[in-house]
Structure formats: structure tokens, C-alpha cells
Amino acid sequence: MHKRFISRFLLGAAVVALASQPTFAEDSATQGKNITLVPGVAGNPFNISIECGARAAAAKYGFNVNVQGPQQFDPSLQTPIVNAVVAAHPAGLLVAPTDSKAMFFPISEAAKAGIKVALVDTTLDDPSPAFTHIATDNTAAGGAAADALAKLIGEKGKVMVIAFQAGASTSDQRQHGFEDAIKKYPNIEYLGFQISGNDPAKAAAQVTSTLAANPDLAGIFATNDRSAEGAATGLRNAGKIGEVKIVGFDAGPSQVKQLKDGIVQALIAQQPYEIGVAGVDALAKALKGEPVDASLTTGTVTITKDNLSDPEVQKAVYMDKCS
């Protein structure tokens, strides 16, 4: 009887001890492992929000997170960063390619080195080096921008697009989504697109030249924050702020201020924090050998001055630092 009691006691103590321990069978795939985030450009609120989401999710799994991004959205600047990541050999890489073709080789090298690669935000023409791609549905977002701009101009008049970079999947998809959706409005004349090269001064000059040829320009869709900034400068120089409507993209502090000041009339906000969370969740699953969808998309929110104070809309405003 005494021996049976001791056996039962020891068995019960063992069960309690096991229950109190971390589940190493699951955690060993992630605990203490290094992962790296390489955004398209360092320091802007969109990418800071991705980083904040990634860091929050990483804490659940015990990942160590390193963030390295180029100072400009440029594959010649991003390539050496990815090469350095390959040399450091983290367990996982979250990367936003700055060019859908030029970044294929360096990202392929990461995958060949055994690093789990997830594409976030932007993608590659051939995404095969990555096990998943997590991004906004940018084509649908471009369509939302077309609908917002059409509403702002009473569904009539001339409109243009300022795209931030040819070859960047997000810019191309937003532009094409806009172009497809604007066809629904027979009284809107689409003047075509111009590429700003992510340079506000160039975007301002493009608006100035378009206004010279089309003084009755009614609306502009700018596919990112810097293009919207430049478009606003062009309108300001022409004395047409508010008269020509702008739909911008993203919802960082500067974009929200532009909205409040009446410089832009609508913003198409992504959900970058959720992209960061989903990217780290996907890396954790891949490292554990669990299945991951090849493509995951997040939606957008159309923000205007009228709905900006709505609590749900406020959740779509980007961060300028991680809390």
C-alpha cells in the first residue's frame, strides 16, 4: 500500500511538473531563433507598423527580431542588405522586394541557404523562393481609390494617376486596379499615369505639367505617400488645393494631417500591423513544419475627414513608433 501510494504520488508530481514546463516540442522550433525583417524602405510609418506587428507576434514564439531596411526604395540598396542577411543565416526572413525582378536572385540565395522566406507587402514576378506572400490586395485597393475619387468629383471630369515606381508590384497593382475600376464611370476621362520614382519633387512637376495641358483636371490618385506629398505641392503651386481632389495611399501621421488640412480628400489605408503579425505567424508555422497558405491578403479602409474619428477607422491609422 505504501509503495503504491509513493508510485501514485511520483506519477502525479511528474504530471504537474510536465504541465508547468513550456511545450518544448512546439517551442524548440522558434524559441531563441533569429528572424530578420527587410522592409522596402526604412523608417516610414507603414513599415514601422509592419515592424510593430512583427515584434508583437515574435514575442509569442520567443523569436529574436532584427530589422534592416534601405534608406530608399531601391533594389541596388536592398540587395546588399539581403546578402548580409544570408551571410548571417537567420532561421527566417520577412522581406518586401523593392523590384519584382531584380530582387529575385538575392532572395533565391536566401532560400537556397535554408532560410525560410516570406514575402511581405511587395512580391516577385516569380515568388517561388518564398513559401508565402502576405500583402494588401493592392488591385482591390486601387479599385477602392477609383471609387473614392469618382465620388469626390461627382463622377465626371479628368483624372490622372501618379504611380511611385514601375516594377514595384504594389505600385503596379494599385495603378491597374484604379484603371480597371475607373472604366465604370463613363463621364470620367482618364489621362493616364506618370511615374514619380518615389520623388515628391518629380510628382509636383508632373502635376504642374498636367495642369498646363489640362487646366480642368478634376482628380489625382497618388499610389503612395511621397507621390501624394508631391501632388499636393504641385496643386499648391498652382493655387488649386481643394479644387483638384486627391486620393492618397497609406495613413501615416503626415497623410492624416494632409487629410485634416484638406490637402487630400481621401486616404486608402492598408493594415500593415496585421501584415507583420501574419508574417511572423507564417514563419513560426513553417519552422514547425505546419502548412501555410501560399498567399494571404489583408484589406483596406477608405478614410475621409468625415469618418476619421470613428474608432474602427482609427485602428487603420499607422504608427510612427512601436509601443
# chains A, B, ... in the order shown; residues from 1 in each chain; ligands from 1

call {"tool": "closest_atom_pairs", "arguments": {"of": "stretch 21-131 of chain A", "to": "stretch 195-202 of chain A", "cutoff": "10 Å", "atoms": "only C-alpha atoms", "output": "tab-separated table"}}
result
residue	atom	partner	partner_atom	distance
A:Gln72	CA	A:Asn198	CA	8.7
A:Phe73	CA	A:Asn198	CA	7.6
A:Asp74	CA	A:Gly197	CA	9.7

call {"tool": "residues_around", "arguments": {"residues": "A:Asn138", "least_positions_apart": "2", "cutoff": "6 Å", "atoms": "only C-alpha atoms", "output": "MDAnalysis selection string"}}
result
chainID A and resid 136 140:141 173:174

call {"tool": "select_by_dssp", "arguments": {"residues": "stretch 82-269 of chain A", "states": "strand (DSSP E)", "output": "number ranges by chain"}}
result
A: 92-95, 116-120, 132-136, 157-163, 188-195, 217-222, 245-249, 266-269

call {"tool": "write_last_selection", "arguments": {"atoms": "N, CA and C atoms", "output": "short mmCIF file (atom, residue, chain, number, x, y, z; two decimals), in the first residue's frame"}}
result
data_model
loop_
_atom_site.label_atom_id
_atom_site.label_comp_id
_atom_site.auth_asym_id
_atom_site.auth_seq_id
_atom_site.Cartn_x
_atom_site.Cartn_y
_atom_site.Cartn_z
N GLY A 92 14.59 32.71 -40.28
CA GLY A 92 13.55 33.18 -41.19
C GLY A 92 13.79 34.60 -41.66
N LEU A 93 13.24 34.91 -42.83
CA LEU A 93 13.37 36.23 -43.42
C LEU A 93 12.02 36.71 -43.90
N LEU A 94 11.61 37.88 -43.42
CA LEU A 94 10.46 38.60 -43.96
C LEU A 94 11.02 39.72 -44.82
N VAL A 95 10.67 39.75 -46.09
CA VAL A 95 11.27 40.74 -46.99
C VAL A 95 10.23 41.31 -47.93
N LYS A 116 13.95 30.24 -44.18
CA LYS A 116 12.53 30.30 -44.54
C LYS A 116 12.21 31.74 -44.95
N VAL A 117 11.70 31.92 -46.17
CA VAL A 117 11.47 33.26 -46.72
C VAL A 117 9.97 33.50 -46.90
N ALA A 118 9.48 34.59 -46.31
CA ALA A 118 8.11 35.05 -46.54
C ALA A 118 8.18 36.45 -47.14
N LEU A 119 7.45 36.67 -48.21
CA LEU A 119 7.37 37.99 -48.82
C LEU A 119 6.25 38.76 -48.13
N VAL A 120 6.54 40.00 -47.75
CA VAL A 120 5.52 40.84 -47.13
C VAL A 120 5.39 42.13 -47.92
N THR A 132 5.44 31.82 -48.76
CA THR A 132 4.18 32.54 -48.72
C THR A 132 4.40 34.00 -49.06
N HIS A 133 3.32 34.67 -49.42
CA HIS A 133 3.33 36.11 -49.68
C HIS A 133 2.15 36.71 -48.93
N ILE A 134 2.42 37.73 -48.11
CA ILE A 134 1.40 38.35 -47.28
C ILE A 134 1.33 39.83 -47.62
N ALA A 135 0.18 40.29 -48.07
CA ALA A 135 0.11 41.68 -48.53
C ALA A 135 -1.33 42.16 -48.60
N THR A 136 -1.45 43.46 -48.72
CA THR A 136 -2.73 44.07 -49.07
C THR A 136 -3.14 43.58 -50.45
N GLY A 157 -15.24 64.31 -65.12
CA GLY A 157 -14.03 65.12 -65.18
C GLY A 157 -12.80 64.30 -65.53
N LYS A 158 -11.66 64.99 -65.57
CA LYS A 158 -10.39 64.36 -65.94
C LYS A 158 -9.60 63.95 -64.69
N VAL A 159 -9.02 62.76 -64.76
CA VAL A 159 -8.23 62.27 -63.63
C VAL A 159 -6.92 61.68 -64.12
N MET A 160 -5.94 61.64 -63.22
CA MET A 160 -4.64 61.06 -63.53
C MET A 160 -4.17 60.22 -62.35
N VAL A 161 -3.16 59.38 -62.62
CA VAL A 161 -2.52 58.58 -61.57
C VAL A 161 -1.05 58.95 -61.51
N ILE A 162 -0.54 59.13 -60.30
CA ILE A 162 0.90 59.23 -60.09
C ILE A 162 1.32 57.96 -59.36
N ALA A 163 2.00 57.08 -60.10
CA ALA A 163 2.48 55.82 -59.55
C ALA A 163 3.90 56.02 -59.04
N ILE A 188 -15.96 60.10 -66.74
CA ILE A 188 -14.62 60.40 -66.26
C ILE A 188 -13.61 60.06 -67.35
N GLU A 189 -12.75 61.02 -67.65
CA GLU A 189 -11.70 60.83 -68.66
C GLU A 189 -10.37 60.55 -67.96
N TYR A 190 -9.81 59.39 -68.23
CA TYR A 190 -8.54 59.02 -67.62
C TYR A 190 -7.38 59.50 -68.49
N LEU A 191 -6.55 60.35 -67.92
CA LEU A 191 -5.43 60.94 -68.67
C LEU A 191 -4.18 60.08 -68.65
N GLY A 192 -4.22 58.97 -67.94
CA GLY A 192 -3.06 58.09 -67.89
C GLY A 192 -2.27 58.27 -66.60
N PHE A 193 -1.14 57.57 -66.56
CA PHE A 193 -0.31 57.57 -65.34
C PHE A 193 1.07 58.14 -65.64
N GLN A 194 1.70 58.61 -64.58
CA GLN A 194 3.09 59.03 -64.63
C GLN A 194 3.82 58.42 -63.44
N ILE A 195 5.11 58.19 -63.57
CA ILE A 195 5.91 57.55 -62.53
C ILE A 195 6.74 58.61 -61.81
N LEU A 217 -8.30 69.67 -64.94
CA LEU A 217 -8.05 68.43 -64.20
C LEU A 217 -8.92 68.41 -62.93
N ALA A 218 -9.59 67.28 -62.71
CA ALA A 218 -10.52 67.18 -61.57
C ALA A 218 -9.98 66.36 -60.41
N GLY A 219 -9.14 65.36 -60.70
CA GLY A 219 -8.73 64.48 -59.61
C GLY A 219 -7.42 63.76 -59.87
N ILE A 220 -6.77 63.37 -58.79
CA ILE A 220 -5.49 62.67 -58.84
C ILE A 220 -5.53 61.50 -57.86
N PHE A 221 -5.05 60.34 -58.31
CA PHE A 221 -4.79 59.23 -57.40
C PHE A 221 -3.29 59.07 -57.30
N ALA A 222 -2.75 59.23 -56.10
CA ALA A 222 -1.33 59.07 -55.83
C ALA A 222 -1.13 57.74 -55.11
N LYS A 245 -9.18 67.27 -56.57
CA LYS A 245 -9.25 66.32 -55.46
C LYS A 245 -8.11 65.30 -55.54
N ILE A 246 -7.57 64.94 -54.39
CA ILE A 246 -6.51 63.93 -54.31
C ILE A 246 -6.97 62.78 -53.43
N VAL A 247 -6.83 61.57 -53.95
CA VAL A 247 -6.94 60.36 -53.12
C VAL A 247 -5.52 59.84 -52.94
N GLY A 248 -5.07 59.80 -51.69
CA GLY A 248 -3.74 59.31 -51.37
C GLY A 248 -3.78 57.87 -50.90
N PHE A 249 -2.59 57.34 -50.67
CA PHE A 249 -2.49 55.96 -50.20
C PHE A 249 -1.69 55.96 -48.92
N ALA A 266 -9.19 61.99 -49.44
CA ALA A 266 -9.43 60.61 -49.01
C ALA A 266 -8.10 59.87 -48.97
N LEU A 267 -8.03 58.88 -48.10
CA LEU A 267 -6.85 58.02 -47.97
C LEU A 267 -7.29 56.57 -48.05
N ILE A 268 -6.51 55.77 -48.76
CA ILE A 268 -6.73 54.33 -48.77
C ILE A 268 -5.70 53.73 -47.82
N ALA A 269 -6.17 53.28 -46.66
CA ALA A 269 -5.28 52.79 -45.61
C ALA A 269 -5.16 51.27 -45.67
#

call {"tool": "residues_around", "arguments": {"residues": "A:Cys52", "least_positions_apart": "6", "cutoff": "10 Å", "atoms": "only C-alpha atoms", "output": "MDAnalysis selection string"}}
result
chainID A and resid 46 58 272:274 276:277 319:323

call {"tool": "residues_around", "arguments": {"residues": "A:Thr30", "least_positions_apart": "5", "cutoff": "12 Å", "atoms": "only C-alpha atoms", "output": "VMD selection string"}}
result
chain A and resid 23 to 25 35 57 to 65 90 to 92 280 to 289

call {"tool": "write_last_selection", "arguments": {"atoms": "N, CA and C atoms", "output": "PDB file, in the first residue's frame"}}
result
ATOM      1  N   THR A  23       6.074  23.952 -23.668  1.00  0.00           N
ATOM      2  CA  THR A  23       5.922  22.839 -24.601  1.00  0.00           C
ATOM      3  C   THR A  23       7.082  22.879 -25.591  1.00  0.00           C
ATOM      4  N   PHE A  24       8.223  22.250 -25.164  1.00  0.00           N
ATOM      5  CA  PHE A  24       9.431  22.337 -25.964  1.00  0.00           C
ATOM      6  C   PHE A  24       9.273  21.695 -27.330  1.00  0.00           C
ATOM      7  N   ALA A  25       8.366  20.719 -27.444  1.00  0.00           N
ATOM      8  CA  ALA A  25       8.137  20.107 -28.747  1.00  0.00           C
ATOM      9  C   ALA A  25       7.675  21.144 -29.759  1.00  0.00           C
ATOM     10  N   ILE A  35      15.070  35.908 -36.546  1.00  0.00           N
ATOM     11  CA  ILE A  35      14.395  36.215 -37.801  1.00  0.00           C
ATOM     12  C   ILE A  35      14.698  37.667 -38.158  1.00  0.00           C
ATOM     13  N   ALA A  57       4.166  39.781 -32.503  1.00  0.00           N
ATOM     14  CA  ALA A  57       3.954  38.357 -32.758  1.00  0.00           C
ATOM     15  C   ALA A  57       5.182  37.540 -32.370  1.00  0.00           C
ATOM     16  N   ALA A  58       6.370  38.078 -32.621  1.00  0.00           N
ATOM     17  CA  ALA A  58       7.606  37.352 -32.312  1.00  0.00           C
ATOM     18  C   ALA A  58       7.722  37.033 -30.827  1.00  0.00           C
ATOM     19  N   ALA A  59       7.202  37.931 -29.994  1.00  0.00           N
ATOM     20  CA  ALA A  59       7.267  37.705 -28.543  1.00  0.00           C
ATOM     21  C   ALA A  59       6.513  36.443 -28.140  1.00  0.00           C
ATOM     22  N   LYS A  60       5.467  36.093 -28.888  1.00  0.00           N
ATOM     23  CA  LYS A  60       4.696  34.886 -28.562  1.00  0.00           C
ATOM     24  C   LYS A  60       5.519  33.619 -28.763  1.00  0.00           C
ATOM     25  N   TYR A  61       6.439  33.689 -29.730  1.00  0.00           N
ATOM     26  CA  TYR A  61       7.180  32.486 -30.124  1.00  0.00           C
ATOM     27  C   TYR A  61       8.607  32.449 -29.581  1.00  0.00           C
ATOM     28  N   GLY A  62       9.060  33.528 -28.967  1.00  0.00           N
ATOM     29  CA  GLY A  62      10.427  33.572 -28.485  1.00  0.00           C
ATOM     30  C   GLY A  62      11.443  33.897 -29.557  1.00  0.00           C
ATOM     31  N   PHE A  63      11.010  34.448 -30.686  1.00  0.00           N
ATOM     32  CA  PHE A  63      11.932  34.855 -31.741  1.00  0.00           C
ATOM     33  C   PHE A  63      12.740  36.081 -31.317  1.00  0.00           C
ATOM     34  N   ASN A  64      13.961  36.182 -31.816  1.00  0.00           N
ATOM     35  CA  ASN A  64      14.734  37.418 -31.780  1.00  0.00           C
ATOM     36  C   ASN A  64      14.565  38.101 -33.136  1.00  0.00           C
ATOM     37  N   VAL A  65      14.194  39.374 -33.134  1.00  0.00           N
ATOM     38  CA  VAL A  65      13.889  40.073 -34.379  1.00  0.00           C
ATOM     39  C   VAL A  65      14.960  41.117 -34.691  1.00  0.00           C
ATOM     40  N   PRO A  90      19.806  33.745 -40.513  1.00  0.00           N
ATOM     41  CA  PRO A  90      18.730  33.606 -39.528  1.00  0.00           C
ATOM     42  C   PRO A  90      17.831  32.426 -39.897  1.00  0.00           C
ATOM     43  N   ALA A  91      16.947  32.079 -38.995  1.00  0.00           N
ATOM     44  CA  ALA A  91      16.005  30.993 -39.288  1.00  0.00           C
ATOM     45  C   ALA A  91      14.972  31.411 -40.318  1.00  0.00           C
ATOM     46  N   GLY A  92      14.594  32.711 -40.280  1.00  0.00           N
ATOM     47  CA  GLY A  92      13.545  33.181 -41.186  1.00  0.00           C
ATOM     48  C   GLY A  92      13.794  34.598 -41.662  1.00  0.00           C
ATOM     49  N   VAL A 280       5.029  36.834 -39.210  1.00  0.00           N
ATOM     50  CA  VAL A 280       5.716  36.078 -38.151  1.00  0.00           C
ATOM     51  C   VAL A 280       4.960  34.795 -37.829  1.00  0.00           C
ATOM     52  N   ASP A 281       3.640  34.862 -37.800  1.00  0.00           N
ATOM     53  CA  ASP A 281       2.853  33.637 -37.590  1.00  0.00           C
ATOM     54  C   ASP A 281       3.181  32.598 -38.671  1.00  0.00           C
ATOM     55  N   ALA A 282       3.307  33.074 -39.920  1.00  0.00           N
ATOM     56  CA  ALA A 282       3.612  32.161 -41.025  1.00  0.00           C
ATOM     57  C   ALA A 282       5.006  31.561 -40.871  1.00  0.00           C
ATOM     58  N   LEU A 283       5.987  32.367 -40.472  1.00  0.00           N
ATOM     59  CA  LEU A 283       7.335  31.833 -40.241  1.00  0.00           C
ATOM     60  C   LEU A 283       7.323  30.770 -39.144  1.00  0.00           C
ATOM     61  N   ALA A 284       6.595  31.032 -38.063  1.00  0.00           N
ATOM     62  CA  ALA A 284       6.528  30.060 -36.968  1.00  0.00           C
ATOM     63  C   ALA A 284       5.938  28.737 -37.454  1.00  0.00           C
ATOM     64  N   LYS A 285       4.872  28.825 -38.222  1.00  0.00           N
ATOM     65  CA  LYS A 285       4.258  27.601 -38.757  1.00  0.00           C
ATOM     66  C   LYS A 285       5.224  26.847 -39.663  1.00  0.00           C
ATOM     67  N   ALA A 286       5.899  27.590 -40.539  1.00  0.00           N
ATOM     68  CA  ALA A 286       6.827  26.946 -41.467  1.00  0.00           C
ATOM     69  C   ALA A 286       7.971  26.263 -40.724  1.00  0.00           C
ATOM     70  N   LEU A 287       8.490  26.899 -39.683  1.00  0.00           N
ATOM     71  CA  LEU A 287       9.588  26.309 -38.919  1.00  0.00           C
ATOM     72  C   LEU A 287       9.134  25.083 -38.130  1.00  0.00           C
ATOM     73  N   LYS A 288       7.848  25.028 -37.805  1.00  0.00           N
ATOM     74  CA  LYS A 288       7.290  23.861 -37.111  1.00  0.00           C
ATOM     75  C   LYS A 288       6.844  22.771 -38.081  1.00  0.00           C
ATOM     76  N   GLY A 289       6.975  23.052 -39.381  1.00  0.00           N
ATOM     77  CA  GLY A 289       6.555  22.068 -40.369  1.00  0.00           C
ATOM     78  C   GLY A 289       5.070  22.034 -40.614  1.00  0.00           C
TER      79      GLY A 289
END

call {"tool": "residues_around", "arguments": {"residues": "A:Asn83", "least_positions_apart": "3", "cutoff": "9 Å", "atoms": "only C-alpha atoms", "output": "PyMOL selection string"}}
result
chain A and resi 78-80+86-88+106-107+109-110

call {"tool": "closest_residue", "arguments": {"among": "A:Ser209, A:Thr233, A:Gln270, A:Thr298", "to": "A:Ala316", "atoms": "only C-alpha atoms"}}
result
A:Gln270

call {"tool": "closest_residue", "arguments": {"among": "A:Leu259, A:Ile81, A:Ala144, A:Ile48", "to": "A:Asp306", "atoms": "only C-alpha atoms"}}
result
A:Leu259

call {"tool": "residues_around", "arguments": {"residues": "A:Thr304", "least_positions_apart": "5", "cutoff": "12 Å", "atoms": "only C-alpha atoms", "output": "number ranges by chain"}}
result
A: 145, 148-149, 151-152, 246-249, 251, 255-269, 309-310, 313-314, 317

call {"tool": "atom_distance", "arguments": {"atom1": "atom CA of A:Leu37", "atom2": "atom CA of A:Asp99"}}
result
16.5 Å

call {"tool": "closest_residue", "arguments": {"among": "A:Lys240, A:Gln68, A:Gln271, A:Ser76", "to": "A:Tyr318", "atoms": "only C-alpha atoms"}}
result
A:Gln271

call {"tool": "residues_around", "arguments": {"residues": "A:Ile182", "least_positions_apart": "2", "cutoff": "8 Å", "atoms": "only C-alpha atoms", "output": "list in words"}}
result
Gly143, Ala146, Asp147, Ala150, Phe178, Glu179, Asp180, Lys184, Tyr185, Ile188 and Tyr190 of chain A

call {"tool": "atom_distance", "arguments": {"atom1": "atom CA of A:Ala232", "atom2": "atom CA of A:Leu211"}}
result
12.6 Å

call {"tool": "atom_distance", "arguments": {"atom1": "atom CA of A:Ala54", "atom2": "atom CA of A:Asp121"}}
result
12.9 Å

call {"tool": "select_by_dssp", "arguments": {"residues": "stretch 44-88 of chain A", "states": "helix (DSSP H, G or I)", "output": "PyMOL selection string"}}
result
chain A and resi 45-61+75-88
